[in-house]
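Enquirer: Next up, coords20.pdb (PDB, C-alpha atoms).
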ATOM      1  CA  ALA A   1     -25.900 -76.904  71.243  1.00  0.00           C
ATOM      2  CA  ARG A   2     -25.956 -76.362  67.476  1.00  0.00           C
ATOM      3  CA  LYS A   3     -22.902 -74.121  67.572  1.00  0.00           C
ATOM      4  CA  THR A   4     -21.091 -76.199  70.183  1.00  0.00           C
ATOM      5  CA  TRP A   5     -21.377 -79.331  68.046  1.00  0.00           C
ATOM      6  CA  ASN A   6     -21.204 -77.497  64.714  1.00  0.00           C
ATOM      7  CA  THR A   7     -24.401 -79.234  63.619  1.00  0.00           C
ATOM      8  CA  TYR A   8     -24.553 -77.237  60.454  1.00  0.00           C
ATOM      9  CA  ALA A   9     -27.042 -79.303  58.401  1.00  0.00           C
ATOM     10  CA  ASN A  10     -30.657 -79.991  59.311  1.00  0.00           C
ATOM     11  CA  LYS A  11     -32.216 -82.649  57.083  1.00  0.00           C
ATOM     12  CA  ARG A  12     -35.986 -83.139  57.054  1.00  0.00           C
ATOM     13  CA  THR A  13     -37.697 -85.702  54.848  1.00  0.00           C
ATOM     14  CA  PHE A  14     -41.369 -85.504  53.845  1.00  0.00           C
ATOM     15  CA  GLN A  15     -43.005 -88.536  52.277  1.00  0.00           C
ATOM     16  CA  THR A  16     -46.497 -89.664  51.383  1.00  0.00           C
ATOM     17  CA  LEU A  17     -47.518 -92.570  53.603  1.00  0.00           C
ATOM     18  CA  SER A  18     -50.277 -95.058  52.990  1.00  0.00           C
ATOM     19  CA  GLY A  19     -53.301 -94.403  55.198  1.00  0.00           C
ATOM     20  CA  VAL A  20     -52.713 -90.667  55.565  1.00  0.00           C
ATOM     21  CA  ASP A  21     -55.237 -88.850  53.415  1.00  0.00           C
ATOM     22  CA  THR A  22     -54.183 -85.496  52.019  1.00  0.00           C
ATOM     23  CA  VAL A  23     -55.200 -83.493  48.968  1.00  0.00           C
ATOM     24  CA  PHE A  24     -52.211 -84.908  47.106  1.00  0.00           C
ATOM     25  CA  SER A  25     -52.554 -88.533  48.185  1.00  0.00           C
ATOM     26  CA  LYS A  26     -56.216 -88.486  47.117  1.00  0.00           C
ATOM     27  CA  ALA A  27     -55.138 -87.092  43.748  1.00  0.00           C
ATOM     28  CA  GLY A  28     -52.529 -89.828  43.360  1.00  0.00           C
ATOM     29  CA  ILE A  29     -49.630 -87.357  43.550  1.00  0.00           C
ATOM     30  CA  PRO A  30     -46.724 -88.863  45.540  1.00  0.00           C
ATOM     31  CA  ILE A  31     -44.522 -86.611  47.667  1.00  0.00           C
ATOM     32  CA  ASP A  32     -40.893 -87.364  48.523  1.00  0.00           C
ATOM     33  CA  ILE A  33     -39.122 -84.116  49.367  1.00  0.00           C
ATOM     34  CA  THR A  34     -35.972 -83.610  51.413  1.00  0.00           C
ATOM     35  CA  ILE A  35     -35.318 -80.159  52.862  1.00  0.00           C
ATOM     36  CA  VAL A  36     -31.747 -79.358  53.874  1.00  0.00           C
ATOM     37  CA  ARG A  37     -31.663 -76.323  56.119  1.00  0.00           C
ATOM     38  CA  GLU A  38     -28.499 -74.473  57.162  1.00  0.00           C
ATOM     39  CA  ASN A  39     -28.551 -74.815  60.938  1.00  0.00           C
ATOM     40  CA  ILE A  40     -26.153 -72.305  62.515  1.00  0.00           C
ATOM     41  CA  GLU A  41     -26.004 -68.963  60.697  1.00  0.00           C
ATOM     42  CA  ASP A  42     -28.569 -66.469  59.365  1.00  0.00           C
ATOM     43  CA  THR A  43     -30.733 -64.499  61.806  1.00  0.00           C
ATOM     44  CA  TYR A  44     -30.752 -67.324  64.364  1.00  0.00           C
ATOM     45  CA  GLY A  45     -27.706 -65.897  66.099  1.00  0.00           C
ATOM     46  CA  GLY A  46     -30.136 -63.745  68.066  1.00  0.00           C
ATOM     47  CA  ILE A  47     -27.920 -60.685  67.691  1.00  0.00           C
ATOM     48  CA  GLU A  48     -30.393 -57.843  68.142  1.00  0.00           C
ATOM     49  CA  HIS A  49     -30.443 -54.479  69.814  1.00  0.00           C
ATOM     50  CA  LEU A  50     -32.519 -51.330  70.010  1.00  0.00           C
ATOM     51  CA  LEU A  51     -31.216 -48.288  68.160  1.00  0.00           C
ATOM     52  CA  THR A  52     -33.969 -46.253  69.759  1.00  0.00           C
ATOM     53  CA  GLN A  53     -37.161 -47.151  71.593  1.00  0.00           C
ATOM     54  CA  ASP A  54     -38.857 -47.248  68.194  1.00  0.00           C
ATOM     55  CA  VAL A  55     -36.186 -48.979  66.095  1.00  0.00           C
ATOM     56  CA  ALA A  56     -34.985 -52.556  66.593  1.00  0.00           C
ATOM     57  CA  LEU A  57     -32.064 -53.984  64.614  1.00  0.00           C
ATOM     58  CA  GLY A  58     -31.188 -57.631  63.989  1.00  0.00           C
ATOM     59  CA  ARG A  59     -28.068 -58.889  62.246  1.00  0.00           C
ATOM     60  CA  ARG A  60     -27.941 -61.638  59.630  1.00  0.00           C
ATOM     61  CA  PHE A  61     -24.782 -63.649  59.066  1.00  0.00           C
ATOM     62  CA  ILE A  62     -24.168 -65.691  55.918  1.00  0.00           C
ATOM     63  CA  THR A  63     -20.582 -66.881  55.395  1.00  0.00           C
ATOM     64  CA  ARG A  64     -18.914 -68.668  52.513  1.00  0.00           C
ATOM     65  CA  PRO A  65     -17.526 -71.515  54.690  1.00  0.00           C
ATOM     66  CA  GLY A  66     -20.905 -71.968  56.387  1.00  0.00           C
ATOM     67  CA  SER A  67     -22.742 -72.016  53.073  1.00  0.00           C
ATOM     68  CA  MET A  68     -20.160 -74.315  51.512  1.00  0.00           C
ATOM     69  CA  GLN A  69     -20.434 -77.053  54.131  1.00  0.00           C
ATOM     70  CA  VAL A  70     -24.232 -77.283  54.144  1.00  0.00           C
ATOM     71  CA  ILE A  71     -24.562 -77.039  50.359  1.00  0.00           C
ATOM     72  CA  ARG A  72     -21.879 -79.667  49.789  1.00  0.00           C
ATOM     73  CA  TYR A  73     -23.658 -81.925  52.277  1.00  0.00           C
ATOM     74  CA  ALA A  74     -26.918 -81.410  50.357  1.00  0.00           C
ATOM     75  CA  PHE A  75     -25.284 -82.400  47.067  1.00  0.00           C
ATOM     76  CA  GLU A  76     -23.588 -85.456  48.580  1.00  0.00           C
ATOM     77  CA  MET A  77     -26.838 -86.544  50.209  1.00  0.00           C
ATOM     78  CA  ALA A  78     -28.747 -86.016  46.946  1.00  0.00           C
ATOM     79  CA  LYS A  79     -26.159 -88.101  45.072  1.00  0.00           C
ATOM     80  CA  LYS A  80     -26.387 -90.975  47.553  1.00  0.00           C
ATOM     81  CA  LYS A  81     -30.174 -90.753  47.571  1.00  0.00           C
ATOM     82  CA  GLY A  82     -30.257 -91.060  43.800  1.00  0.00           C
ATOM     83  CA  ALA A  83     -32.026 -87.732  43.486  1.00  0.00           C
ATOM     84  CA  LYS A  84     -32.570 -86.285  40.050  1.00  0.00           C
ATOM     85  CA  ARG A  85     -33.003 -82.661  41.076  1.00  0.00           C
ATOM     86  CA  ILE A  86     -31.523 -80.369  43.716  1.00  0.00           C
ATOM     87  CA  THR A  87     -32.893 -76.859  44.157  1.00  0.00           C
ATOM     88  CA  CYS A  88     -31.574 -73.824  45.999  1.00  0.00           C
ATOM     89  CA  GLY A  89     -34.301 -71.690  47.559  1.00  0.00           C
ATOM     90  CA  HIS A  90     -33.268 -68.093  48.126  1.00  0.00           C
ATOM     91  CA  LYS A  91     -34.191 -64.409  48.107  1.00  0.00           C
ATOM     92  CA  ALA A  92     -31.117 -63.154  46.287  1.00  0.00           C
ATOM     93  CA  ASN A  93     -33.228 -60.812  44.186  1.00  0.00           C
ATOM     94  CA  ILE A  94     -33.701 -58.655  47.304  1.00  0.00           C
ATOM     95  CA  MET A  95     -30.945 -59.697  49.732  1.00  0.00           C
ATOM     96  CA  LYS A  96     -28.251 -59.484  47.122  1.00  0.00           C
ATOM     97  CA  LEU A  97     -25.255 -59.814  49.442  1.00  0.00           C
ATOM     98  CA  THR A  98     -26.352 -62.455  51.961  1.00  0.00           C
ATOM     99  CA  ASP A  99     -28.614 -64.679  49.870  1.00  0.00           C
ATOM    100  CA  GLY A 100     -26.507 -63.722  46.881  1.00  0.00           C
ATOM    101  CA  LEU A 101     -23.481 -65.323  48.564  1.00  0.00           C
ATOM    102  CA  PHE A 102     -25.445 -68.477  49.415  1.00  0.00           C
ATOM    103  CA  LEU A 103     -26.633 -68.793  45.806  1.00  0.00           C
ATOM    104  CA  GLU A 104     -23.142 -68.120  44.464  1.00  0.00           C
ATOM    105  CA  VAL A 105     -21.729 -70.978  46.538  1.00  0.00           C
ATOM    106  CA  PHE A 106     -24.570 -73.259  45.394  1.00  0.00           C
ATOM    107  CA  LYS A 107     -23.708 -72.620  41.755  1.00  0.00           C
ATOM    108  CA  GLU A 108     -19.996 -73.236  42.448  1.00  0.00           C
ATOM    109  CA  VAL A 109     -20.658 -76.594  44.085  1.00  0.00           C
ATOM    110  CA  ALA A 110     -23.188 -77.574  41.402  1.00  0.00           C
ATOM    111  CA  LYS A 111     -20.385 -77.624  38.826  1.00  0.00           C
ATOM    112  CA  GLU A 112     -18.835 -80.556  40.686  1.00  0.00           C
ATOM    113  CA  TYR A 113     -22.010 -82.637  40.325  1.00  0.00           C
ATOM    114  CA  PRO A 114     -22.940 -82.560  36.618  1.00  0.00           C
ATOM    115  CA  GLU A 115     -25.016 -85.725  37.051  1.00  0.00           C
ATOM    116  CA  LEU A 116     -27.529 -83.805  39.184  1.00  0.00           C
ATOM    117  CA  ASN A 117     -30.053 -81.391  37.706  1.00  0.00           C
ATOM    118  CA  SER A 118     -29.463 -78.264  39.792  1.00  0.00           C
ATOM    119  CA  ASP A 119     -31.511 -75.083  39.707  1.00  0.00           C
ATOM    120  CA  ASP A 120     -32.557 -72.208  41.946  1.00  0.00           C
ATOM    121  CA  VAL A 121     -35.933 -70.697  42.819  1.00  0.00           C
ATOM    122  CA  ILE A 122     -36.845 -67.505  44.670  1.00  0.00           C
ATOM    123  CA  VAL A 123     -38.274 -68.663  47.971  1.00  0.00           C
ATOM    124  CA  ASP A 124     -41.747 -67.133  47.654  1.00  0.00           C
ATOM    125  CA  ASP A 125     -42.128 -68.689  44.207  1.00  0.00           C
ATOM    126  CA  LEU A 126     -40.810 -71.933  45.689  1.00  0.00           C
ATOM    127  CA  CYS A 127     -43.598 -71.932  48.289  1.00  0.00           C
ATOM    128  CA  MET A 128     -46.240 -71.438  45.606  1.00  0.00           C
ATOM    129  CA  LYS A 129     -44.830 -74.270  43.495  1.00  0.00           C
ATOM    130  CA  LEU A 130     -44.523 -76.603  46.479  1.00  0.00           C
ATOM    131  CA  VAL A 131     -48.230 -76.345  47.270  1.00  0.00           C
ATOM    132  CA  SER A 132     -49.254 -76.684  43.614  1.00  0.00           C
ATOM    133  CA  ARG A 133     -46.779 -79.292  42.278  1.00  0.00           C
ATOM    134  CA  PRO A 134     -44.788 -80.808  45.166  1.00  0.00           C
ATOM    135  CA  ASP A 135     -44.002 -83.879  43.079  1.00  0.00           C
ATOM    136  CA  LEU A 136     -41.648 -81.791  40.942  1.00  0.00           C
ATOM    137  CA  PHE A 137     -39.190 -81.300  43.806  1.00  0.00           C
ATOM    138  CA  ASP A 138     -36.643 -83.710  45.216  1.00  0.00           C
ATOM    139  CA  VAL A 139     -33.956 -82.045  47.377  1.00  0.00           C
ATOM    140  CA  VAL A 140     -34.146 -78.376  48.382  1.00  0.00           C
ATOM    141  CA  VAL A 141     -31.394 -76.527  50.269  1.00  0.00           C
ATOM    142  CA  LEU A 142     -32.048 -73.186  51.982  1.00  0.00           C
ATOM    143  CA  THR A 143     -30.651 -70.765  54.519  1.00  0.00           C
ATOM    144  CA  ASN A 144     -31.653 -71.152  58.160  1.00  0.00           C
ATOM    145  CA  LEU A 145     -34.777 -68.996  58.490  1.00  0.00           C
ATOM    146  CA  GLN A 146     -36.152 -69.798  55.054  1.00  0.00           C
ATOM    147  CA  GLY A 147     -35.457 -73.496  55.580  1.00  0.00           C
ATOM    148  CA  ASP A 148     -37.315 -73.422  58.890  1.00  0.00           C
ATOM    149  CA  ILE A 149     -40.415 -71.940  57.272  1.00  0.00           C
ATOM    150  CA  VAL A 150     -40.366 -74.041  54.097  1.00  0.00           C
ATOM    151  CA  SER A 151     -39.896 -77.300  56.023  1.00  0.00           C
ATOM    152  CA  ASP A 152     -43.037 -76.562  58.049  1.00  0.00           C
ATOM    153  CA  LEU A 153     -44.867 -75.811  54.808  1.00  0.00           C
ATOM    154  CA  CYS A 154     -43.811 -79.228  53.501  1.00  0.00           C
ATOM    155  CA  ALA A 155     -45.116 -80.824  56.692  1.00  0.00           C
ATOM    156  CA  GLY A 156     -48.534 -79.473  55.770  1.00  0.00           C
ATOM    157  CA  LEU A 157     -48.328 -81.223  52.418  1.00  0.00           C
ATOM    158  CA  VAL A 158     -48.130 -84.649  54.056  1.00  0.00           C
ATOM    159  CA  GLY A 159     -50.553 -84.166  56.932  1.00  0.00           C
ATOM    160  CA  GLY A 160     -49.241 -81.460  59.247  1.00  0.00           C
ATOM    161  CA  LEU A 161     -46.550 -81.164  61.903  1.00  0.00           C
ATOM    162  CA  HIS A 162     -48.254 -83.129  64.633  1.00  0.00           C
ATOM    163  CA  PRO A 163     -49.608 -86.114  62.709  1.00  0.00           C
ATOM    164  CA  ALA A 164     -46.441 -86.174  60.635  1.00  0.00           C
ATOM    165  CA  ALA A 165     -44.303 -86.306  63.756  1.00  0.00           C
ATOM    166  CA  ALA A 166     -46.444 -89.152  65.087  1.00  0.00           C
ATOM    167  CA  LEU A 167     -46.057 -90.983  61.810  1.00  0.00           C
ATOM    168  CA  GLY A 168     -42.432 -90.235  61.465  1.00  0.00           C
ATOM    169  CA  VAL A 169     -42.811 -88.408  58.160  1.00  0.00           C
ATOM    170  CA  VAL A 170     -41.179 -85.265  59.511  1.00  0.00           C
ATOM    171  CA  GLY A 171     -40.412 -86.549  62.982  1.00  0.00           C
ATOM    172  CA  LEU A 172     -36.739 -87.015  62.224  1.00  0.00           C
ATOM    173  CA  VAL A 173     -33.906 -84.544  62.023  1.00  0.00           C
ATOM    174  CA  GLU A 174     -30.410 -85.496  60.943  1.00  0.00           C
ATOM    175  CA  VAL A 175     -27.654 -83.061  61.810  1.00  0.00           C
ATOM    176  CA  ARG A 176     -24.101 -83.465  60.583  1.00  0.00           C
ATOM    177  CA  SER A 177     -20.807 -82.300  62.004  1.00  0.00           C
ATOM    178  CA  HIS A 178     -17.225 -82.693  60.815  1.00  0.00           C
ATOM    179  CA  SER A 179     -15.896 -83.272  64.325  1.00  0.00           C
ATOM    180  CA  ARG A 180     -18.698 -85.217  66.011  1.00  0.00           C
ATOM    181  CA  PRO A 181     -20.985 -88.141  65.161  1.00  0.00           C
ATOM    182  CA  ARG A 182     -24.516 -87.637  63.864  1.00  0.00           C
ATOM    183  CA  ARG A 183     -27.308 -86.674  66.216  1.00  0.00           C
ATOM    184  CA  LEU A 184     -30.832 -87.784  65.456  1.00  0.00           C
ATOM    185  CA  ARG A 185     -33.927 -86.627  67.300  1.00  0.00           C
ATOM    186  CA  SER A 186     -37.657 -86.264  66.875  1.00  0.00           C
ATOM    187  CA  LEU A 187     -38.825 -83.067  65.237  1.00  0.00           C
ATOM    188  CA  THR A 188     -39.680 -80.166  67.523  1.00  0.00           C
ATOM    189  CA  GLY A 189     -42.142 -77.411  66.778  1.00  0.00           C
ATOM    190  CA  SER A 190     -45.322 -79.502  66.783  1.00  0.00           C
ATOM    191  CA  SER A 191     -48.166 -78.704  69.115  1.00  0.00           C
ATOM    192  CA  ASN A 192     -48.127 -81.571  71.583  1.00  0.00           C
ATOM    193  CA  GLU A 193     -51.159 -80.168  73.379  1.00  0.00           C
ATOM    194  CA  GLN A 194     -53.425 -81.280  70.534  1.00  0.00           C
ATOM    195  CA  GLU A 195     -53.172 -84.981  71.395  1.00  0.00           C
ATOM    196  CA  PRO A 196     -51.989 -87.007  74.429  1.00  0.00           C
ATOM    197  CA  LYS A 197     -48.312 -86.256  74.970  1.00  0.00           C
ATOM    198  CA  LEU A 198     -47.171 -89.744  75.931  1.00  0.00           C
ATOM    199  CA  VAL A 199     -48.585 -91.358  72.809  1.00  0.00           C
ATOM    200  CA  ALA A 200     -47.309 -88.684  70.427  1.00  0.00           C
ATOM    201  CA  ARG A 201     -43.811 -88.573  71.883  1.00  0.00           C
ATOM    202  CA  PHE A 202     -43.584 -92.352  72.163  1.00  0.00           C
ATOM    203  CA  ILE A 203     -44.307 -92.878  68.463  1.00  0.00           C
ATOM    204  CA  SER A 204     -41.965 -90.051  67.508  1.00  0.00           C
ATOM    205  CA  ALA A 205     -39.219 -91.653  69.583  1.00  0.00           C
ATOM    206  CA  ILE A 206     -39.729 -94.973  67.794  1.00  0.00           C
ATOM    207  CA  ASP A 207     -39.410 -93.178  64.477  1.00  0.00           C
ATOM    208  CA  ALA A 208     -36.155 -91.584  65.629  1.00  0.00           C
ATOM    209  CA  VAL A 209     -34.805 -95.101  66.300  1.00  0.00           C
ATOM    210  CA  ASN A 210     -35.895 -96.067  62.785  1.00  0.00           C
ATOM    211  CA  CYS A 211     -33.887 -93.146  61.444  1.00  0.00           C
ATOM    212  CA  VAL A 212     -30.798 -94.368  63.284  1.00  0.00           C
ATOM    213  CA  ALA A 213     -31.363 -97.828  61.773  1.00  0.00           C
ATOM    214  CA  ALA A 214     -31.722 -96.337  58.286  1.00  0.00           C
ATOM    215  CA  THR A 215     -28.553 -94.284  58.733  1.00  0.00           C
ATOM    216  CA  ALA A 216     -26.648 -97.356  59.923  1.00  0.00           C
ATOM    217  CA  GLY A 217     -27.911 -99.378  56.959  1.00  0.00           C
ATOM    218  CA  VAL A 218     -29.990-101.759  59.074  1.00  0.00           C
ATOM    219  CA  VAL A 219     -32.966-100.947  56.865  1.00  0.00           C
ATOM    220  CA  THR A 220     -32.757 -99.937  53.237  1.00  0.00           C
ATOM    221  CA  SER A 221     -34.648 -96.661  53.526  1.00  0.00           C
ATOM    222  CA  MET A 222     -36.702 -94.493  55.822  1.00  0.00           C
ATOM    223  CA  LYS A 223     -39.790 -95.230  53.761  1.00  0.00           C
ATOM    224  CA  SER A 224     -39.489 -98.972  54.337  1.00  0.00           C
ATOM    225  CA  ALA A 225     -38.817 -98.427  58.029  1.00  0.00           C
ATOM    226  CA  LEU A 226     -41.860 -96.254  58.584  1.00  0.00           C
ATOM    227  CA  ARG A 227     -44.677 -98.451  57.315  1.00  0.00           C
ATOM    228  CA  VAL A 228     -46.763 -97.752  60.404  1.00  0.00           C
ATOM    229  CA  PRO A 229     -50.570 -97.518  60.126  1.00  0.00           C
ATOM    230  CA  TYR A 230     -51.917 -94.276  61.540  1.00  0.00           C
ATOM    231  CA  ILE A 231     -54.241 -94.610  64.517  1.00  0.00           C
ATOM    232  CA  SER A 232     -55.115 -91.288  66.083  1.00  0.00           C
ATOM    233  CA  PRO A 233     -54.426 -91.259  69.849  1.00  0.00           C
ATOM    234  CA  LEU A 234     -57.742 -89.435  70.184  1.00  0.00           C
ATOM    235  CA  ASN A 235     -59.511 -92.616  69.105  1.00  0.00           C
ATOM    236  CA  THR A 236     -57.710 -94.927  71.501  1.00  0.00           C
ATOM    237  CA  ALA A 237     -59.013 -95.967  74.894  1.00  0.00           C
TER
END
Go ahead and render the structure in this file as structure tokens.
Expert:
Amino acid sequence: ARKTWNTYANKRTFQTLSGVDTVFSKAGIPIDITIVRENIEDTYGGIEHLLTQDVALGRRFITRPGSMQVIRYAFEMAKKKGAKRITCGHKANIMKLTDGLFLEVFKEVAKEYPELNSDDVIVDDLCMKLVSRPDLFDVVVLTNLQGDIVSDLCAGLVGGLHPAAALGVVGLVEVRSHSRPRRLRSLTGSSNEQEPKLVARFISAIDAVNCVAATAGVVTSMKSALRVPYISPLNTA
């Protein structure tokens, strides 16, 4: 579906919500991070084969047009959001050609947005800084695999995948395409076996509607739309 619709950008927003206790909320450190993940390329093409019975090979695709469209989307979104900082997470120190190309495109696009403070961080260092000082980050753009991992890390900062999905903190994914309208859905990847499925999915669906309303301008922001007190389904009758 991603390739069919050319849904090249996966946007995930992580925010501190009142009533959800985390290490950072207890310390008075607010979190408002947006991860923009490239959604089509990288190793997610599933192009793998066995060279021998003991050697498996997977191919990684990073293209200039693919990098350009997701990075430009990230900058435009950051500008509209009023972000002060946009960061490129990468591993160009090791994967010099693939991540090197992604970083090169990021730096090219950054020149067109002098009002934004743009920088880049090696992805392992990025993970360390996210769990120590998440308040320093605003918008982060990454390749597909790295973006998948880092977005789940950010979910842990605000309460975890499952409670966050129930609260709508990370329960919303916005994907953009040049040729088709936006698609919005609740975040997948959470363990729905941990709590009653109907309750968890119902709340996540409501949050997806809130995201549509925010996108359409019905509400001013996702944060204002998601002022929902957290009541664990495990504690309900």
Enquirer: Could you name the residues that touch Gln15 in chain A at 7 Å or less, counting only C-alpha atoms, but leaving out those on the same chain fewer than 5 positions away, as a ChimeraX atom specification?
Expert: /A:31-33,158,169
Enquirer: If you keep C-alpha atoms, can you produce a file of those selected residues as a PDB file, in the coordinates of the input?
Expert:
ATOM      1  CA  ILE A  31     -44.522 -86.611  47.667  1.00  0.00           C
ATOM      2  CA  ASP A  32     -40.893 -87.364  48.523  1.00  0.00           C
ATOM      3  CA  ILE A  33     -39.122 -84.116  49.367  1.00  0.00           C
ATOM      4  CA  VAL A 158     -48.130 -84.649  54.056  1.00  0.00           C
ATOM      5  CA  VAL A 169     -42.811 -88.408  58.160  1.00  0.00           C
TER       6      VAL A 169
END
Enquirer: Counting only C-alpha atoms, figure out which residue out of A:Leu17, A:Met77, A:Met68, A:Leu153 gets nearest to Cys127 in chain A.
Expert: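 Of A:Leu17, A:Met77, A:Met68, A:Leu153, the one nearest Cys127 in chain A is A:Leu153, counting only C-alpha atoms.
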Enquirer: Excluding range 39-50 of chain A and residues on its chain fewer than 6 positions from it, collect all residues at most 8 Å away from it, counting all atoms listed in the file, and give them as an mmCIF file with C-alpha atoms, keeping the file's coordinate frame.
Expert:
data_model
loop_
_atom_site.group_PDB
_atom_site.id
_atom_site.type_symbol
_atom_site.label_atom_id
_atom_site.label_comp_id
_atom_site.auth_asym_id
_atom_site.auth_seq_id
_atom_site.Cartn_x
_atom_site.Cartn_y
_atom_site.Cartn_z
ATOM 1 C CA ARG A 2 -25.956 -76.362 67.476
ATOM 2 C CA LYS A 3 -22.902 -74.121 67.572
ATOM 3 C CA ASN A 6 -21.204 -77.497 64.714
ATOM 4 C CA THR A 7 -24.401 -79.234 63.619
ATOM 5 C CA TYR A 8 -24.553 -77.237 60.454
ATOM 6 C CA ALA A 9 -27.042 -79.303 58.401
ATOM 7 C CA ASN A 10 -30.657 -79.991 59.311
ATOM 8 C CA ALA A 56 -34.985 -52.556 66.593
ATOM 9 C CA LEU A 57 -32.064 -53.984 64.614
ATOM 10 C CA GLY A 58 -31.188 -57.631 63.989
ATOM 11 C CA ARG A 59 -28.068 -58.889 62.246
ATOM 12 C CA ARG A 60 -27.941 -61.638 59.630
ATOM 13 C CA PHE A 61 -24.782 -63.649 59.066
ATOM 14 C CA ILE A 62 -24.168 -65.691 55.918
ATOM 15 C CA THR A 63 -20.582 -66.881 55.395
ATOM 16 C CA GLY A 66 -20.905 -71.968 56.387
ATOM 17 C CA THR A 143 -30.651 -70.765 54.519
ATOM 18 C CA ASN A 144 -31.653 -71.152 58.160
ATOM 19 C CA LEU A 145 -34.777 -68.996 58.490
#
Enquirer: With the file shown as input, list the residues that the PyMOL selection byres ((chain A and resi 137) around 10) selects, as a PDB file with C-alpha atoms, in the coordinates of the input.
Expert:
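Saved the output as part-v2.pdb:
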ATOM      1  CA  ILE A  31     -44.522 -86.611  47.667  1.00  0.00           C
ATOM      2  CA  ASP A  32     -40.893 -87.364  48.523  1.00  0.00           C
ATOM      3  CA  ILE A  33     -39.122 -84.116  49.367  1.00  0.00           C
ATOM      4  CA  THR A  34     -35.972 -83.610  51.413  1.00  0.00           C
ATOM      5  CA  ILE A  35     -35.318 -80.159  52.862  1.00  0.00           C
ATOM      6  CA  ALA A  83     -32.026 -87.732  43.486  1.00  0.00           C
ATOM      7  CA  LYS A  84     -32.570 -86.285  40.050  1.00  0.00           C
ATOM      8  CA  ARG A  85     -33.003 -82.661  41.076  1.00  0.00           C
ATOM      9  CA  ILE A  86     -31.523 -80.369  43.716  1.00  0.00           C
ATOM     10  CA  THR A  87     -32.893 -76.859  44.157  1.00  0.00           C
ATOM     11  CA  LEU A 126     -40.810 -71.933  45.689  1.00  0.00           C
ATOM     12  CA  LYS A 129     -44.830 -74.270  43.495  1.00  0.00           C
ATOM     13  CA  LEU A 130     -44.523 -76.603  46.479  1.00  0.00           C
ATOM     14  CA  ARG A 133     -46.779 -79.292  42.278  1.00  0.00           C
ATOM     15  CA  PRO A 134     -44.788 -80.808  45.166  1.00  0.00           C
ATOM     16  CA  ASP A 135     -44.002 -83.879  43.079  1.00  0.00           C
ATOM     17  CA  LEU A 136     -41.648 -81.791  40.942  1.00  0.00           C
ATOM     18  CA  ASP A 138     -36.643 -83.710  45.216  1.00  0.00           C
ATOM     19  CA  VAL A 139     -33.956 -82.045  47.377  1.00  0.00           C
ATOM     20  CA  VAL A 140     -34.146 -78.376  48.382  1.00  0.00           C
TER      21      VAL A 140
END
Enquirer: Figure out the distance between CA of Thr16 in chain A and CA of Pro30 in chain A, please, to one decimal in Å.
Expert: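 So the answer is 5.9 Å.
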Enquirer: To one decimal place in Å, what is the distance between CA of Met128 in chain A and CA of Val36 in chain A?
Expert: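 Interatomic distance, CA of Met128 in chain A to CA of Val36 in chain A: 18.5 Å.
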Enquirer: Which is closer to Ala92 in chain A than all the others in A:Ile149, A:Asp120, A:Glu112, A:Ala155, using only C-alpha atoms?
Expert: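 Looking at the shortest contact to Ala92 in chain A, the residue is A:Asp120.
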